[in-house]
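Coordinates from run.pdb are shown below (PDB, C-alpha atoms).
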```pdb
ATOM      1  CA  ASP A  38      64.686 149.018  82.709
ATOM      2  CA  GLN A  39      66.340 149.950  79.441
ATOM      3  CA  GLN A  40      69.700 151.499  80.354
ATOM      4  CA  VAL A  41      70.398 152.611  76.789
ATOM      5  CA  LYS A  42      67.624 154.233  74.794
ATOM      6  CA  GLN A  43      67.198 155.249  71.198
ATOM      7  CA  ASN A  44      63.960 157.183  71.155
ATOM      8  CA  SER A  45      63.654 157.515  67.380
ATOM      9  CA  PRO A  46      62.766 154.171  65.794
ATOM     10  CA  SER A  47      63.234 155.589  62.305
ATOM     11  CA  LEU A  48      64.802 158.491  60.423
ATOM     12  CA  SER A  49      64.666 159.550  56.772
ATOM     13  CA  VAL A  50      67.263 161.851  55.231
ATOM     14  CA  GLN A  51      67.994 163.090  51.728
ATOM     15  CA  GLU A  52      71.203 161.913  50.100
ATOM     16  CA  GLY A  53      74.039 164.369  50.737
ATOM     17  CA  ARG A  54      72.485 165.819  53.888
ATOM     18  CA  ILE A  55      73.486 165.138  57.479
ATOM     19  CA  SER A  56      72.028 162.219  59.429
ATOM     20  CA  ILE A  57      71.956 162.584  63.209
ATOM     21  CA  LEU A  58      71.147 159.540  65.306
ATOM     22  CA  ASN A  59      70.679 159.959  69.037
ATOM     23  CA  CYS A  60      71.181 157.745  72.055
ATOM     24  CA  ASP A  61      70.594 158.336  75.777
ATOM     25  CA  TYR A  62      71.827 156.297  78.703
ATOM     26  CA  THR A  63      71.052 156.196  82.391
ATOM     27  CA  ASN A  64      74.072 154.561  84.041
ATOM     28  CA  SER A  65      76.914 156.994  84.807
ATOM     29  CA  MET A  66      79.292 154.028  85.184
ATOM     30  CA  PHE A  67      79.378 153.471  81.426
ATOM     31  CA  ASP A  68      82.818 154.436  80.154
ATOM     32  CA  TYR A  69      82.844 153.255  76.568
ATOM     33  CA  PHE A  70      80.283 153.663  73.826
ATOM     34  CA  LEU A  71      79.933 152.140  70.389
ATOM     35  CA  TRP A  72      77.755 152.375  67.326
ATOM     36  CA  TYR A  73      76.890 149.329  65.257
ATOM     37  CA  LYS A  74      75.276 149.197  61.844
ATOM     38  CA  LYS A  75      73.017 146.355  60.769
ATOM     39  CA  TYR A  76      71.764 145.415  57.333
ATOM     40  CA  PRO A  77      68.796 143.018  56.937
ATOM     41  CA  ALA A  78      69.686 139.321  57.318
ATOM     42  CA  GLU A  79      73.189 140.174  58.546
ATOM     43  CA  GLY A  80      74.802 140.535  61.954
ATOM     44  CA  PRO A  81      75.610 143.981  63.378
ATOM     45  CA  THR A  82      78.986 145.382  62.344
ATOM     46  CA  PHE A  83      81.077 147.772  64.370
ATOM     47  CA  LEU A  84      81.079 151.349  63.088
ATOM     48  CA  ILE A  85      82.731 153.727  65.542
ATOM     49  CA  SER A  86      83.407 154.053  69.256
ATOM     50  CA  ILE A  87      84.270 156.645  71.874
ATOM     51  CA  SER A  88      85.785 156.511  75.319
ATOM     52  CA  SER A  89      84.252 158.527  78.131
ATOM     53  CA  ILE A  90      87.435 160.590  78.407
ATOM     54  CA  LYS A  91      86.699 162.106  75.000
ATOM     55  CA  ASP A  92      83.790 164.137  73.714
ATOM     56  CA  LYS A  93      84.264 163.534  70.000
ATOM     57  CA  ASN A  94      85.647 160.877  67.689
ATOM     58  CA  GLU A  95      85.775 161.053  63.913
ATOM     59  CA  ASP A  96      86.231 158.397  61.269
ATOM     60  CA  GLY A  97      85.682 159.626  57.746
ATOM     61  CA  ARG A  98      82.034 160.560  57.263
ATOM     62  CA  PHE A  99      81.144 159.348  60.749
ATOM     63  CA  THR A 100      81.503 161.368  63.947
ATOM     64  CA  VAL A 101      80.342 160.387  67.409
ATOM     65  CA  PHE A 102      79.734 163.045  70.047
ATOM     66  CA  LEU A 103      79.483 162.321  73.757
ATOM     67  CA  ASN A 104      77.889 164.636  76.314
ATOM     68  CA  LYS A 105      78.523 163.006  79.688
ATOM     69  CA  SER A 106      76.649 165.565  81.729
ATOM     70  CA  ALA A 107      73.525 164.934  79.660
ATOM     71  CA  LYS A 108      74.228 161.196  79.341
ATOM     72  CA  HIS A 109      73.746 161.544  75.615
ATOM     73  CA  LEU A 110      75.630 160.498  72.534
ATOM     74  CA  SER A 111      74.969 161.076  68.896
ATOM     75  CA  LEU A 112      76.212 159.775  65.577
ATOM     76  CA  HIS A 113      76.581 162.201  62.693
ATOM     77  CA  ILE A 114      76.884 160.953  59.137
ATOM     78  CA  VAL A 115      77.972 163.586  56.611
ATOM     79  CA  PRO A 116      77.249 163.396  53.755
ATOM     80  CA  SER A 117      74.634 160.659  53.941
ATOM     81  CA  GLN A 118      74.660 158.065  51.170
ATOM     82  CA  PRO A 119      72.010 155.509  50.125
ATOM     83  CA  GLY A 120      74.346 152.706  51.268
ATOM     84  CA  ASP A 121      74.068 154.102  54.799
ATOM     85  CA  SER A 122      70.458 152.916  54.946
ATOM     86  CA  ALA A 123      70.461 150.386  57.785
ATOM     87  CA  VAL A 124      69.519 149.959  61.428
ATOM     88  CA  TYR A 125      71.935 151.647  63.819
ATOM     89  CA  PHE A 126      72.403 150.428  67.381
ATOM     90  CA  CYS A 127      74.236 152.297  70.086
ATOM     91  CA  ALA A 128      75.869 150.315  72.869
ATOM     92  CA  ALA A 129      77.367 151.215  76.223
ATOM     93  CA  VAL A 130      79.735 149.271  78.450
ATOM     94  CA  PHE A 131      81.626 149.713  81.675
ATOM     95  CA  THR A 132      85.055 148.158  81.579
ATOM     96  CA  GLY A 133      85.122 144.407  81.855
ATOM     97  CA  ASN A 134      81.367 144.042  81.800
ATOM     98  CA  GLN A 135      78.674 143.346  79.321
ATOM     99  CA  PHE A 136      77.424 145.555  76.536
ATOM    100  CA  TYR A 137      74.025 147.220  76.779
ATOM    101  CA  PHE A 138      72.378 147.927  73.441
ATOM    102  CA  GLY A 139      69.719 150.414  72.491
ATOM    103  CA  THR A 140      66.614 149.423  70.546
ATOM    104  CA  GLY A 141      67.955 150.683  67.235
ATOM    105  CA  THR A 142      67.121 153.437  64.748
ATOM    106  CA  SER A 143      66.288 152.555  61.155
ATOM    107  CA  LEU A 144      67.921 155.092  58.824
ATOM    108  CA  THR A 145      66.681 155.544  55.274
ATOM    109  CA  VAL A 146      68.734 157.731  52.951
ATOM    110  CA  ILE A 147      66.622 158.857  50.025
ATOM    111  CA  PRO A 148      68.468 159.223  46.700
TER     112      PRO A 148
ATOM    113  CA  ASP B 808      90.145 134.607  56.921
ATOM    114  CA  ALA B 809      89.073 134.452  60.539
ATOM    115  CA  GLU B 810      85.331 134.578  61.031
ATOM    116  CA  ILE B 811      82.359 133.807  63.212
ATOM    117  CA  THR B 812      79.663 131.478  61.893
ATOM    118  CA  GLN B 813      76.260 130.391  63.123
ATOM    119  CA  SER B 814      74.205 127.371  62.186
ATOM    120  CA  PRO B 815      71.536 126.796  61.254
ATOM    121  CA  ARG B 816      70.640 130.160  59.700
ATOM    122  CA  HIS B 817      66.929 129.329  59.935
ATOM    123  CA  LYS B 818      65.130 126.866  62.194
ATOM    124  CA  ILE B 819      61.500 125.943  62.753
ATOM    125  CA  THR B 820      60.682 123.849  65.785
ATOM    126  CA  GLU B 821      57.748 122.906  67.973
ATOM    127  CA  THR B 822      56.944 123.967  71.489
ATOM    128  CA  GLY B 823      58.647 121.743  74.057
ATOM    129  CA  ARG B 824      61.452 120.543  71.820
ATOM    130  CA  GLN B 825      65.102 120.968  72.727
ATOM    131  CA  VAL B 826      66.990 123.106  70.228
ATOM    132  CA  THR B 827      70.709 123.844  69.963
ATOM    133  CA  LEU B 828      72.110 126.740  67.989
ATOM    134  CA  ALA B 829      75.768 126.568  67.053
ATOM    135  CA  CYS B 830      78.338 129.363  67.122
ATOM    136  CA  HIS B 831      81.917 128.924  65.932
ATOM    137  CA  GLN B 832      84.686 131.544  65.758
ATOM    138  CA  THR B 833      88.175 131.213  64.364
ATOM    139  CA  TRP B 834      89.648 134.416  65.825
ATOM    140  CA  ASN B 835      90.824 132.651  68.994
ATOM    141  CA  HIS B 836      88.785 135.166  70.999
ATOM    142  CA  ASN B 837      88.403 134.546  74.711
ATOM    143  CA  ASN B 838      84.951 136.067  75.013
ATOM    144  CA  MET B 839      81.754 134.851  73.392
ATOM    145  CA  PHE B 840      78.203 136.105  73.740
ATOM    146  CA  TRP B 841      74.673 135.175  72.747
ATOM    147  CA  TYR B 842      72.040 137.837  72.106
ATOM    148  CA  ARG B 843      68.479 137.823  70.912
ATOM    149  CA  GLN B 844      66.983 140.612  68.837
ATOM    150  CA  ASP B 845      63.312 141.434  69.143
ATOM    151  CA  LEU B 846      61.309 144.376  67.878
ATOM    152  CA  GLY B 847      61.196 147.118  70.493
ATOM    153  CA  HIS B 848      63.933 145.544  72.589
ATOM    154  CA  GLY B 849      67.063 145.770  70.493
ATOM    155  CA  LEU B 850      69.780 143.273  71.356
ATOM    156  CA  ARG B 851      69.499 141.564  74.730
ATOM    157  CA  LEU B 852      72.220 139.431  76.270
ATOM    158  CA  ILE B 853      71.315 135.810  77.002
ATOM    159  CA  HIS B 854      74.571 134.199  78.142
ATOM    160  CA  TYR B 855      78.266 134.941  77.838
ATOM    161  CA  SER B 856      81.616 133.278  78.414
ATOM    162  CA  TYR B 857      85.027 134.745  79.184
ATOM    163  CA  GLY B 858      86.912 131.518  78.472
ATOM    164  CA  VAL B 859      86.828 127.741  78.447
ATOM    165  CA  GLN B 860      84.608 126.310  81.200
ATOM    166  CA  ASP B 861      83.360 129.820  82.080
ATOM    167  CA  THR B 862      79.688 130.712  81.536
ATOM    168  CA  ASN B 863      77.576 133.546  82.889
ATOM    169  CA  LYS B 864      73.918 134.530  82.767
ATOM    170  CA  GLY B 865      72.853 137.635  80.956
ATOM    171  CA  GLU B 866      69.731 139.743  81.096
ATOM    172  CA  VAL B 867      67.342 137.147  79.582
ATOM    173  CA  SER B 868      68.856 133.771  80.451
ATOM    174  CA  ASP B 869      65.740 131.883  81.597
ATOM    175  CA  GLY B 870      65.075 128.848  79.384
ATOM    176  CA  TYR B 871      68.547 128.915  77.827
ATOM    177  CA  SER B 872      71.875 127.273  78.618
ATOM    178  CA  VAL B 873      75.393 127.354  77.182
ATOM    179  CA  SER B 874      78.576 125.372  77.591
ATOM    180  CA  ARG B 875      82.159 126.293  76.661
ATOM    181  CA  SER B 876      84.334 123.222  76.177
ATOM    182  CA  ASN B 877      86.806 124.886  73.813
ATOM    183  CA  THR B 878      87.789 128.375  72.683
ATOM    184  CA  GLU B 879      86.073 128.232  69.310
ATOM    185  CA  ASP B 880      82.503 127.178  70.170
ATOM    186  CA  LEU B 881      79.634 128.385  72.355
ATOM    187  CA  PRO B 882      76.460 126.413  71.576
ATOM    188  CA  LEU B 883      73.173 127.828  72.868
ATOM    189  CA  THR B 884      70.530 125.318  73.991
ATOM    190  CA  LEU B 885      66.850 125.993  74.450
ATOM    191  CA  GLU B 886      65.889 123.281  76.923
ATOM    192  CA  SER B 887      62.168 123.277  76.082
ATOM    193  CA  ALA B 888      61.362 125.716  73.312
ATOM    194  CA  ALA B 889      58.525 128.181  73.913
ATOM    195  CA  SER B 890      56.754 130.498  71.460
ATOM    196  CA  SER B 891      58.212 133.459  73.368
ATOM    197  CA  GLN B 892      61.637 132.297  72.201
ATOM    198  CA  THR B 893      60.802 132.982  68.576
ATOM    199  CA  SER B 894      63.465 135.523  67.713
ATOM    200  CA  VAL B 895      66.660 136.229  65.811
ATOM    201  CA  TYR B 896      69.717 135.017  67.706
ATOM    202  CA  PHE B 897      73.174 136.517  67.301
ATOM    203  CA  CYS B 898      76.459 135.166  68.524
ATOM    204  CA  ALA B 899      79.384 137.547  69.090
ATOM    205  CA  SER B 900      82.990 137.341  70.206
ATOM    206  CA  SER B 901      85.687 139.690  71.465
ATOM    207  CA  LEU B 902      89.335 139.316  72.358
ATOM    208  CA  ASP B 903      89.311 140.146  76.056
ATOM    209  CA  THR B 904      87.329 141.813  78.791
ATOM    210  CA  SER B 905      88.559 145.344  78.215
ATOM    211  CA  GLN B 906      86.889 147.737  75.839
ATOM    212  CA  GLU B 907      87.122 145.368  72.946
ATOM    213  CA  THR B 908      84.700 145.550  70.071
ATOM    214  CA  GLN B 909      82.363 142.601  69.746
ATOM    215  CA  TYR B 910      82.158 140.943  66.336
ATOM    216  CA  PHE B 911      78.847 139.400  65.394
ATOM    217  CA  GLY B 912      77.828 136.339  63.450
ATOM    218  CA  PRO B 913      75.155 136.464  60.722
ATOM    219  CA  GLY B 914      72.319 135.379  63.014
ATOM    220  CA  THR B 915      69.896 132.455  63.328
ATOM    221  CA  ARG B 916      66.198 133.050  62.792
ATOM    222  CA  LEU B 917      64.223 130.704  65.068
ATOM    223  CA  LEU B 918      60.495 130.108  64.847
ATOM    224  CA  VAL B 919      58.811 128.128  67.617
ATOM    225  CA  LEU B 920      55.342 126.884  66.670
TER     226      LEU B 920
END
```
Just dump the structure as structure tokens.
Amino acid sequence: DQQVKQNSPSLSVQEGRISILNCDYTNSMFDYFLWYKKYPAEGPTFLISISSIKDKNEDGRFTVFLNKSAKHLSLHIVPSQPGDSAVYFCAAVFTGNQFYFGTGTSLTVIP
Amino acid sequence: DAEITQSPRHKITETGRQVTLACHQTWNHNNMFWYRQDLGHGLRLIHYSYGVQDTNKGEVSDGYSVSRSNTEDLPLTLESAASSQTSVYFCASSLDTSQETQYFGPGTRLLVL
């Protein structure tokens, strides 16, 4: 069973608007969450993370929100730029154990 | 600059052949991981290692093996390649077993005919 799910395989957004990417998880033991960004023919690169003791973490245009009761996290990109077009993976981990990745959401930012 | 490299970047092989994919990191990271990426499945863990001589099975380990004889390298071997192992393979490393970010290599695209 997929423990981390990204139910939207793709998302299109106009340049300058907000992009919201969603991720749901099933295991309440997860205590750390990350977002990775992947361009074609490259490996995933780390984008932003959040610990389960927080509900929000910001880094420039990127903000991750965590709702533990709903087992849901989201990535907000504001404002969206064409260079943000990529596949975004969320990942969840419980301390000392392996990462579980979602299936990815392909974001297209339209100029 | 420290980095993580994979070779080859592309490989075509035949069913039944043994194939080894190389992964080399110069960060002196203790932990190394192998994933495969397939449409509809995201990244799935094949094998991982928390240090020299340590190896562990991941979610999709059948048909694969790894060995860790030094800190820098974690080669992935497909004992007898099958068409179901056609995929993109990513190697990753992290410093320790806490909440450390994993850093990924550029990937190896493998086609098994």
request  = Could you expand the PyMOL selection byres ((chain B and resi 848) around 9) into the explicit residues it covers here, written as an NGL selection string?
outcome  = (:A and (39 or 138-141)) or (:B and (844-847 or 849-851))
From the list A:Gln51, A:Thr82, A:Ser65, A:Ser56, the nearest residue to chain B using only C-alpha atoms is A:Thr82
When the PyMOL selection byres ((chain B and resi 861-867) around 10) is applied to the structure above, which residues does it catch, written out as a ChimeraX atom specification? /A:135,137 /B:838-843,851-860,868-876,881
For B:Asp880, the closest of B:Ile819, B:Val919, B:Cys830, B:Leu902 counting only C-alpha atoms is B:Cys830
Chain and number of each residue from the PyMOL selection byres ((chain A and resi 52) around 7), as a JSON list (two decimals) with C-alpha atoms, in the coordinates of the input:
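Generated file (result.json):
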```
[["chain", "number", "residue", "atom", "x", "y", "z"],
["A", 50, "VAL", "CA", 67.26, 161.85, 55.23],
["A", 51, "GLN", "CA", 67.99, 163.09, 51.73],
["A", 53, "GLY", "CA", 74.04, 164.37, 50.74],
["A", 54, "ARG", "CA", 72.48, 165.82, 53.89],
["A", 117, "SER", "CA", 74.63, 160.66, 53.94],
["A", 118, "GLN", "CA", 74.66, 158.06, 51.17],
["A", 119, "PRO", "CA", 72.01, 155.51, 50.12],
["A", 146, "VAL", "CA", 68.73, 157.73, 52.95],
["A", 147, "ILE", "CA", 66.62, 158.86, 50.02],
["A", 148, "PRO", "CA", 68.47, 159.22, 46.70]]
```
Open item on the list: Residues of chain A within 10 Å of chain B, counting only C-alpha atoms - could you list those as a PyMOL selection string?
Closed with: chain A and resi 39+41-43+46+68-71+73+77-86+88+126-128+130-142
| query | At a cut-off of 10 Å from (69.3, 161.0, 75.6) in the coordinates of the file, what residues are picked up using only C-alpha atoms, written as a ChimeraX atom specification? | reply | /A:41-44,59-63,104,107-111
For stretch 64-82 of chain A, what centre and edge lengths in Å (one decimal) does the axis-aligned box get once 5 Å is added on each side of all its listed atoms, as AutoDock Vina command-line options?
```
--center_x 75.8 --center_y 148.2 --center_z 71.1 --size_x 24.0 --size_y 27.7 --size_z 38.2
```
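If you look at atom CA of A:Ser122 and atom CA of A:Val101, they are 17.6 Å away from each other.
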inquiry  = If I take atom CA of A:Arg98 and atom CA of A:Ile114, how far is one from the other in Å, to one decimal?
reply    =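 Pair atom CA of A:Arg98 / atom CA of A:Ile114 returns 5.5 Å.
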Long-range neighbours of B:Trp834 as number ranges by chain, 10 Å cut-off, all atoms listed in the file, 3 positions minimum in chain:
B: 808-811, 831, 837, 878-879, 900-902, 910
One decimal place gives the atom CA of B:Ala889-atom CA of B:Leu828 separation as 14.9 Å
| request: Pull the neighbourhood of (77.0, 161.3, 65.1) for me: all residues within 7 Å in file coordinates, counting only C-alpha atoms, as a PyMOL selection string. | output: chain A and resi 57-58+99-102+111-114
Open item on the list: Please determine, counting all atoms listed in the file, which residue among A:Gly97, A:Lys105, A:Ala129, A:Val124 has the shortest atom-to-atom distance to A:Ser45.
Closed with: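 Closest to A:Ser45, using all atoms listed in the file: A:Val124.
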Provide stretch 98-109 of chain A rebuilt to all heavy atoms, formatted as a compact mmCIF listing (two decimals), keeping the file's coordinate frame.
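Result file selection_14.txt:
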```
# COMPACT_ATOMS: atom_id res chain seq x y z
N ARG A 98 83.32 159.87 57.26
CA ARG A 98 82.03 160.56 57.26
C ARG A 98 81.30 160.44 58.59
O ARG A 98 80.24 161.05 58.77
CB ARG A 98 81.15 160.00 56.15
CG ARG A 98 81.70 160.20 54.74
CD ARG A 98 80.70 159.73 53.68
NE ARG A 98 80.46 158.30 53.76
CZ ARG A 98 79.30 157.76 54.09
NH1 ARG A 98 78.27 158.53 54.41
NH2 ARG A 98 79.15 156.45 54.12
N PHE A 99 81.83 159.65 59.49
CA PHE A 99 81.14 159.35 60.75
C PHE A 99 81.82 160.05 61.93
O PHE A 99 83.04 159.99 62.08
CB PHE A 99 81.12 157.84 60.99
CG PHE A 99 80.47 157.06 59.89
CD1 PHE A 99 81.22 156.56 58.83
CD2 PHE A 99 79.10 156.84 59.89
CE1 PHE A 99 80.62 155.85 57.79
CE2 PHE A 99 78.49 156.13 58.87
CZ PHE A 99 79.25 155.64 57.82
N THR A 100 81.01 160.72 62.74
CA THR A 100 81.50 161.37 63.95
C THR A 100 80.57 161.02 65.10
O THR A 100 79.35 161.11 64.95
CB THR A 100 81.55 162.89 63.78
OG1 THR A 100 82.38 163.22 62.66
CG2 THR A 100 82.13 163.55 65.03
N VAL A 101 81.14 160.64 66.22
CA VAL A 101 80.34 160.39 67.41
C VAL A 101 80.67 161.48 68.42
O VAL A 101 81.84 161.81 68.63
CB VAL A 101 80.56 158.97 67.97
CG1 VAL A 101 82.02 158.69 68.26
CG2 VAL A 101 79.70 158.74 69.19
N PHE A 102 79.62 162.02 69.02
CA PHE A 102 79.73 163.04 70.05
C PHE A 102 79.20 162.47 71.36
O PHE A 102 78.17 161.80 71.37
CB PHE A 102 78.92 164.29 69.68
CG PHE A 102 79.43 165.01 68.47
CD1 PHE A 102 78.91 164.71 67.21
CD2 PHE A 102 80.40 165.98 68.58
CE1 PHE A 102 79.38 165.38 66.08
CE2 PHE A 102 80.86 166.66 67.45
CZ PHE A 102 80.35 166.35 66.21
N LEU A 103 79.92 162.77 72.44
CA LEU A 103 79.48 162.32 73.76
C LEU A 103 79.32 163.51 74.69
O LEU A 103 80.24 164.31 74.86
CB LEU A 103 80.51 161.34 74.34
CG LEU A 103 80.26 160.84 75.76
CD1 LEU A 103 78.95 160.06 75.84
CD2 LEU A 103 81.43 160.00 76.25
N ASN A 104 78.16 163.61 75.31
CA ASN A 104 77.89 164.64 76.31
C ASN A 104 77.62 163.92 77.63
O ASN A 104 76.50 163.44 77.87
CB ASN A 104 76.69 165.48 75.89
CG ASN A 104 76.38 166.60 76.87
OD1 ASN A 104 76.69 166.52 78.06
ND2 ASN A 104 75.77 167.66 76.39
N LYS A 105 78.64 163.80 78.46
CA LYS A 105 78.52 163.01 79.69
C LYS A 105 77.55 163.62 80.68
O LYS A 105 76.83 162.91 81.38
CB LYS A 105 79.90 162.81 80.33
CG LYS A 105 80.80 161.89 79.55
CD LYS A 105 82.07 161.58 80.31
CE LYS A 105 82.98 162.78 80.45
NZ LYS A 105 83.51 163.24 79.13
N SER A 106 77.54 164.93 80.76
CA SER A 106 76.65 165.56 81.73
C SER A 106 75.19 165.30 81.39
O SER A 106 74.34 165.16 82.27
CB SER A 106 76.92 167.07 81.80
OG SER A 106 76.69 167.67 80.54
N ALA A 107 74.89 165.21 80.10
CA ALA A 107 73.53 164.93 79.66
C ALA A 107 73.28 163.45 79.46
O ALA A 107 72.15 163.04 79.14
CB ALA A 107 73.22 165.68 78.37
N LYS A 108 74.32 162.64 79.60
CA LYS A 108 74.23 161.20 79.34
C LYS A 108 73.64 160.95 77.95
O LYS A 108 72.65 160.21 77.77
CB LYS A 108 73.42 160.48 80.42
CG LYS A 108 74.03 160.52 81.81
CD LYS A 108 73.30 159.58 82.75
CE LYS A 108 73.91 159.57 84.14
NZ LYS A 108 73.67 160.85 84.85
N HIS A 109 74.26 161.57 76.98
CA HIS A 109 73.75 161.54 75.61
C HIS A 109 74.90 161.39 74.63
O HIS A 109 75.95 162.02 74.79
CB HIS A 109 72.99 162.85 75.34
CG HIS A 109 72.48 162.97 73.95
ND1 HIS A 109 71.28 162.43 73.53
CD2 HIS A 109 73.01 163.58 72.85
CE1 HIS A 109 71.08 162.69 72.26
NE2 HIS A 109 72.11 163.39 71.82
```
